[in-house]
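Okay, coords.cif is below, mmCIF, N, CA and C atoms:
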data_upload
#
loop_
_atom_site.label_atom_id
_atom_site.label_comp_id
_atom_site.auth_asym_id
_atom_site.auth_seq_id
_atom_site.Cartn_x
_atom_site.Cartn_y
_atom_site.Cartn_z
N MET J 134 0.84 -1.17 0.00
CA MET J 134 0.00 0.00 0.00
C MET J 134 0.89 1.24 0.00
N THR J 135 0.58 2.21 -0.82
CA THR J 135 1.38 3.42 -0.90
C THR J 135 1.01 4.38 0.21
N ASP J 136 1.88 5.35 0.48
CA ASP J 136 1.60 6.35 1.50
C ASP J 136 0.35 7.15 1.17
N ALA J 137 0.14 7.46 -0.10
CA ALA J 137 -1.03 8.23 -0.51
C ALA J 137 -2.31 7.46 -0.20
N THR J 138 -2.28 6.14 -0.43
CA THR J 138 -3.46 5.33 -0.14
C THR J 138 -3.71 5.26 1.35
N GLN J 139 -2.66 5.18 2.17
CA GLN J 139 -2.82 5.10 3.62
C GLN J 139 -3.42 6.38 4.18
N ASP J 140 -3.15 7.51 3.55
CA ASP J 140 -3.65 8.79 4.04
C ASP J 140 -5.13 8.99 3.75
N MET J 141 -5.70 8.20 2.84
CA MET J 141 -7.10 8.36 2.48
C MET J 141 -7.95 7.51 3.42
N PRO J 142 -8.76 8.12 4.27
CA PRO J 142 -9.52 7.35 5.26
C PRO J 142 -10.49 6.36 4.67
N ASN J 143 -11.01 6.60 3.46
CA ASN J 143 -12.00 5.70 2.87
C ASN J 143 -11.36 4.55 2.11
N SER J 144 -10.02 4.49 2.02
CA SER J 144 -9.37 3.42 1.28
C SER J 144 -9.41 2.10 2.03
N ASN J 145 -9.58 2.12 3.34
CA ASN J 145 -9.64 0.92 4.14
C ASN J 145 -11.11 0.60 4.41
N PRO J 146 -11.55 -0.62 4.06
CA PRO J 146 -12.97 -0.93 4.28
C PRO J 146 -13.38 -0.85 5.75
N PHE J 147 -12.46 -1.03 6.66
CA PHE J 147 -12.78 -0.95 8.09
C PHE J 147 -13.03 0.48 8.55
N SER J 148 -12.66 1.47 7.74
CA SER J 148 -12.87 2.87 8.14
C SER J 148 -14.35 3.23 8.18
N GLN J 149 -15.20 2.40 7.60
CA GLN J 149 -16.64 2.65 7.59
C GLN J 149 -17.38 1.89 8.69
N VAL J 150 -16.64 1.15 9.52
CA VAL J 150 -17.26 0.36 10.59
C VAL J 150 -17.41 1.25 11.83
N PRO J 151 -18.62 1.36 12.40
CA PRO J 151 -18.80 2.18 13.60
C PRO J 151 -18.18 1.50 14.82
N ILE J 152 -17.66 2.30 15.74
CA ILE J 152 -17.14 1.78 16.99
C ILE J 152 -17.85 2.50 18.14
N GLU J 153 -17.83 1.91 19.27
CA GLU J 153 -18.45 2.53 20.44
C GLU J 153 -17.35 3.14 21.30
N ILE J 154 -17.53 4.41 21.62
CA ILE J 154 -16.61 5.13 22.49
C ILE J 154 -17.34 5.38 23.80
N THR J 155 -16.72 5.01 24.90
CA THR J 155 -17.29 5.24 26.22
C THR J 155 -16.67 6.50 26.81
N ILE J 156 -17.51 7.38 27.32
CA ILE J 156 -17.06 8.62 27.93
C ILE J 156 -17.17 8.46 29.45
N SER J 157 -16.05 8.60 30.15
CA SER J 157 -16.04 8.45 31.60
C SER J 157 -16.01 9.83 32.24
N VAL J 158 -17.02 10.12 33.04
CA VAL J 158 -17.09 11.42 33.72
C VAL J 158 -16.62 11.32 35.17
N GLY J 159 -16.37 10.12 35.66
CA GLY J 159 -15.88 9.96 37.02
C GLY J 159 -16.30 8.64 37.60
N LYS J 160 -15.86 8.41 38.83
CA LYS J 160 -16.18 7.17 39.55
C LYS J 160 -16.76 7.51 40.89
N ALA J 161 -17.64 6.63 41.36
CA ALA J 161 -18.22 6.75 42.70
C ALA J 161 -17.74 5.55 43.51
N ARG J 162 -17.50 5.76 44.78
CA ARG J 162 -17.05 4.68 45.65
C ARG J 162 -17.87 4.65 46.95
N PRO J 163 -19.16 4.33 46.82
CA PRO J 163 -19.99 4.28 48.03
C PRO J 163 -19.69 3.02 48.83
N LEU J 164 -19.99 3.04 50.10
CA LEU J 164 -19.96 1.83 50.91
C LEU J 164 -21.11 0.95 50.47
N VAL J 165 -20.99 -0.35 50.66
CA VAL J 165 -22.04 -1.27 50.24
C VAL J 165 -23.36 -0.91 50.94
N ARG J 166 -23.30 -0.58 52.22
CA ARG J 166 -24.54 -0.24 52.94
C ARG J 166 -25.21 0.99 52.33
N ASP J 167 -24.39 1.96 51.87
CA ASP J 167 -24.96 3.16 51.22
C ASP J 167 -25.52 2.82 49.85
N MET J 168 -24.86 1.94 49.13
CA MET J 168 -25.34 1.54 47.81
C MET J 168 -26.68 0.83 47.93
N LEU J 169 -26.84 0.02 48.95
CA LEU J 169 -28.09 -0.71 49.13
C LEU J 169 -29.25 0.21 49.48
N ARG J 170 -28.96 1.42 49.94
CA ARG J 170 -30.00 2.39 50.29
C ARG J 170 -30.35 3.33 49.13
N LEU J 171 -29.65 3.20 48.01
CA LEU J 171 -29.92 4.10 46.88
C LEU J 171 -31.35 3.93 46.39
N GLN J 172 -31.94 5.04 46.07
CA GLN J 172 -33.29 5.05 45.51
C GLN J 172 -33.41 6.24 44.58
N ARG J 173 -34.54 6.37 43.97
CA ARG J 173 -34.76 7.49 43.06
C ARG J 173 -34.50 8.81 43.80
N ASP J 174 -33.81 9.73 43.13
CA ASP J 174 -33.43 11.04 43.65
C ASP J 174 -32.26 11.00 44.63
N SER J 175 -31.66 9.82 44.85
CA SER J 175 -30.43 9.78 45.65
C SER J 175 -29.32 10.48 44.88
N VAL J 176 -28.39 11.06 45.61
CA VAL J 176 -27.25 11.73 44.98
C VAL J 176 -26.00 10.90 45.27
N LEU J 177 -25.29 10.55 44.21
CA LEU J 177 -24.08 9.73 44.32
C LEU J 177 -22.88 10.59 43.93
N PRO J 178 -22.09 11.05 44.90
CA PRO J 178 -20.95 11.92 44.59
C PRO J 178 -19.89 11.19 43.76
N LEU J 179 -19.34 11.90 42.78
CA LEU J 179 -18.25 11.37 41.96
C LEU J 179 -16.92 11.93 42.43
N ASP J 180 -15.85 11.34 41.92
CA ASP J 180 -14.51 11.78 42.30
C ASP J 180 -13.99 12.94 41.45
N ARG J 181 -14.88 13.56 40.68
CA ARG J 181 -14.49 14.69 39.82
C ARG J 181 -15.47 15.83 39.97
N ARG J 182 -15.02 17.00 39.48
CA ARG J 182 -15.87 18.18 39.48
C ARG J 182 -16.46 18.38 38.08
N VAL J 183 -17.43 19.26 37.97
CA VAL J 183 -18.12 19.51 36.71
C VAL J 183 -17.15 19.96 35.61
N ASP J 184 -16.17 20.78 35.96
CA ASP J 184 -15.25 21.32 34.96
C ASP J 184 -14.04 20.43 34.67
N ASP J 185 -13.90 19.30 35.36
CA ASP J 185 -12.77 18.40 35.12
C ASP J 185 -12.91 17.72 33.76
N PRO J 186 -11.79 17.34 33.14
CA PRO J 186 -11.88 16.67 31.84
C PRO J 186 -12.53 15.30 31.96
N VAL J 187 -13.15 14.86 30.87
CA VAL J 187 -13.70 13.52 30.76
C VAL J 187 -12.72 12.69 29.94
N GLU J 188 -12.81 11.37 30.07
CA GLU J 188 -11.91 10.48 29.34
C GLU J 188 -12.71 9.64 28.36
N LEU J 189 -12.15 9.45 27.16
CA LEU J 189 -12.79 8.67 26.11
C LEU J 189 -12.05 7.36 25.95
N TYR J 190 -12.79 6.25 25.94
CA TYR J 190 -12.21 4.92 25.84
C TYR J 190 -12.83 4.15 24.68
N VAL J 191 -12.00 3.34 24.02
CA VAL J 191 -12.46 2.29 23.13
C VAL J 191 -12.04 1.01 23.83
N GLY J 192 -13.02 0.25 24.29
CA GLY J 192 -12.71 -0.88 25.16
C GLY J 192 -12.11 -0.33 26.44
N ASP J 193 -10.93 -0.83 26.79
CA ASP J 193 -10.26 -0.31 27.99
C ASP J 193 -9.08 0.60 27.64
N LYS J 194 -8.98 0.99 26.38
CA LYS J 194 -7.88 1.83 25.89
C LYS J 194 -8.29 3.30 25.91
N LEU J 195 -7.56 4.11 26.67
CA LEU J 195 -7.79 5.55 26.71
C LEU J 195 -7.33 6.15 25.39
N ILE J 196 -8.24 6.80 24.66
CA ILE J 196 -7.89 7.35 23.36
C ILE J 196 -7.87 8.88 23.32
N ALA J 197 -8.54 9.52 24.30
CA ALA J 197 -8.60 10.98 24.28
C ALA J 197 -9.15 11.50 25.60
N ARG J 198 -8.98 12.81 25.79
CA ARG J 198 -9.61 13.53 26.90
C ARG J 198 -10.32 14.73 26.31
N GLY J 199 -11.32 15.22 27.02
CA GLY J 199 -12.05 16.37 26.51
C GLY J 199 -12.89 17.00 27.59
N GLU J 200 -13.69 17.95 27.16
CA GLU J 200 -14.58 18.66 28.10
C GLU J 200 -16.02 18.53 27.60
N LEU J 201 -16.94 18.37 28.53
CA LEU J 201 -18.34 18.28 28.16
C LEU J 201 -18.83 19.64 27.68
N THR J 202 -19.67 19.60 26.66
CA THR J 202 -20.25 20.81 26.11
C THR J 202 -21.61 20.44 25.53
N GLU J 203 -22.34 21.42 25.06
CA GLU J 203 -23.61 21.16 24.39
C GLU J 203 -23.40 21.28 22.89
N VAL J 204 -24.16 20.50 22.11
CA VAL J 204 -24.11 20.59 20.66
C VAL J 204 -24.64 21.96 20.28
N GLU J 205 -23.85 22.69 19.50
CA GLU J 205 -24.25 24.05 19.10
C GLU J 205 -25.55 24.01 18.31
N GLY J 206 -26.46 24.90 18.67
CA GLY J 206 -27.71 25.03 17.95
C GLY J 206 -28.76 24.00 18.31
N ASP J 207 -28.45 23.06 19.18
CA ASP J 207 -29.44 22.05 19.56
C ASP J 207 -30.33 22.61 20.66
N PRO J 208 -31.63 22.76 20.40
CA PRO J 208 -32.53 23.36 21.39
C PRO J 208 -32.75 22.46 22.61
N ASN J 209 -32.41 21.18 22.50
CA ASN J 209 -32.64 20.25 23.60
C ASN J 209 -31.44 20.10 24.52
N GLY J 210 -30.35 20.80 24.22
CA GLY J 210 -29.17 20.73 25.07
C GLY J 210 -28.43 19.40 25.01
N GLN J 211 -28.37 18.79 23.82
CA GLN J 211 -27.68 17.51 23.68
C GLN J 211 -26.21 17.66 24.05
N LEU J 212 -25.70 16.71 24.84
CA LEU J 212 -24.31 16.73 25.26
C LEU J 212 -23.37 16.31 24.15
N ALA J 213 -22.16 16.84 24.21
CA ALA J 213 -21.09 16.48 23.29
C ALA J 213 -19.78 16.60 24.06
N VAL J 214 -18.68 16.17 23.43
CA VAL J 214 -17.36 16.29 24.03
C VAL J 214 -16.46 17.04 23.07
N ARG J 215 -15.83 18.11 23.56
CA ARG J 215 -14.82 18.84 22.79
C ARG J 215 -13.47 18.27 23.20
N LEU J 216 -12.75 17.67 22.23
CA LEU J 216 -11.49 17.01 22.53
C LEU J 216 -10.39 18.01 22.84
N THR J 217 -9.64 17.71 23.89
CA THR J 217 -8.51 18.57 24.28
C THR J 217 -7.18 17.84 24.15
N GLU J 218 -7.21 16.51 24.18
CA GLU J 218 -6.02 15.66 24.00
C GLU J 218 -6.44 14.42 23.23
N VAL J 219 -5.61 13.99 22.26
CA VAL J 219 -5.92 12.79 21.48
C VAL J 219 -4.68 11.92 21.41
N ALA J 220 -4.85 10.62 21.61
CA ALA J 220 -3.74 9.67 21.51
C ALA J 220 -3.33 9.54 20.04
N ASP J 221 -2.13 9.02 19.81
CA ASP J 221 -1.64 8.78 18.47
C ASP J 221 -2.33 7.55 17.91
N LEU J 222 -3.43 7.74 17.19
CA LEU J 222 -4.22 6.63 16.70
C LEU J 222 -3.66 6.00 15.43
N GLN J 223 -2.71 6.64 14.78
CA GLN J 223 -2.13 6.11 13.55
C GLN J 223 -1.36 4.83 13.81
N ASN J 224 -0.85 4.67 15.03
CA ASN J 224 -0.07 3.48 15.35
C ASN J 224 -0.90 2.40 16.01
N GLY J 225 -2.21 2.51 15.88
CA GLY J 225 -3.11 1.49 16.40
C GLY J 225 -3.56 1.81 17.82
N LEU J 226 -4.62 1.13 18.23
CA LEU J 226 -5.12 1.31 19.57
C LEU J 226 -4.39 0.35 20.44
#

Translate this structure into structure tokens?
Amino acid sequence: MTDATQDMPNSNPFSQVPIEITISVGKARPLVRDMLRLQRDSVLPLDRRVDDPVELYVGDKLIARGELTEVEGDPNGQLAVRLTEVADLQNGL
């Protein structure tokens, strides 16, 4: 394969396959007794603040970090992630 062909994203048939990216906003570490008491409207504190970066994973591989934002122009306030750091994906995940 030539370098020009490698640079074209549509040249690889796998480039059209969707993947699932998981966005991690934080972790909670409740005691088991507290977890058993959870009910609707319970508040579960996370280990991060609202303005802290989120992490993007494919499987268990960290691929990027970013900040939560709203999709511009969306009247429903749909969430999105603005990337601030991206792993070198050219060398594989």

Length of the CA of Pro186 (chain J) to CA of Leu201 (chain J) vector [Å]: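 Calculated distance between CA of Pro186 (chain J) and CA of Leu201 (chain J) is 7.6 Å.
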
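Ranking J:Arg215, J:Val187, J:Pro178, J:Glu153 by their shortest atom-to-atom distance to Thr202 (chain J), with all atoms listed in the file included, puts J:Arg215 first.
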
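Picture a line from atom C of Ser157 (chain J) to CA of Val204 (chain J); it runs 17.8 Å.
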
Pick from J:Glu218, J:Glu200, J:Asp180, J:Asp174 nearest to Ala161 (chain J), counting all atoms listed in the file: J:Asp180

Decode the PyMOL selection byres ((chain J and resi 154) around 8) for the given file into explicit residues and return them as a PyMOL selection string. chain J and resi 151-153+155-157+188-192

Within chain J, find each residue whose DSSP state, derived from the backbone, is strand (DSSP E or B), and express the selection as a PyMOL selection string. chain J and resi 155-157+187-191+194-203+212-219

Please compute the atom N of Gln211 (chain J)-atom N of Val150 (chain J) distance, one decimal, in Å.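 Result for atom N of Gln211 (chain J) versus atom N of Val150 (chain J): 25.6 Å, one decimal.
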
Find the residue from J:Asp193, J:Leu216, J:Asp207, J:Lys160 that sits nearest to Leu177 (chain J); use only N, CA and C atoms when measuring.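 With only N, CA and C atoms as the atom set, the closest residue is J:Lys160.
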
Centre, edges in Å (one decimal): axis-aligned box, region 188-201 of chain J, 5 Å padding on all six sides, as JSON:
{"center_x": -13.1, "center_y": 9.4, "center_z": 26.6, "size_x": 21.5, "size_y": 30.5, "size_z": 16.9}

Explicit residues for the PyMOL selection byres (((chain J and resi 220 and name CA) around 7) and name CA) (as a list in words):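 Evaluating the PyMOL selection byres (((chain J and resi 220 and name CA) around 7) and name CA) on this file yields Ile196, Ala197, Glu218, Val219, Asp221 and Leu222 of chain J.
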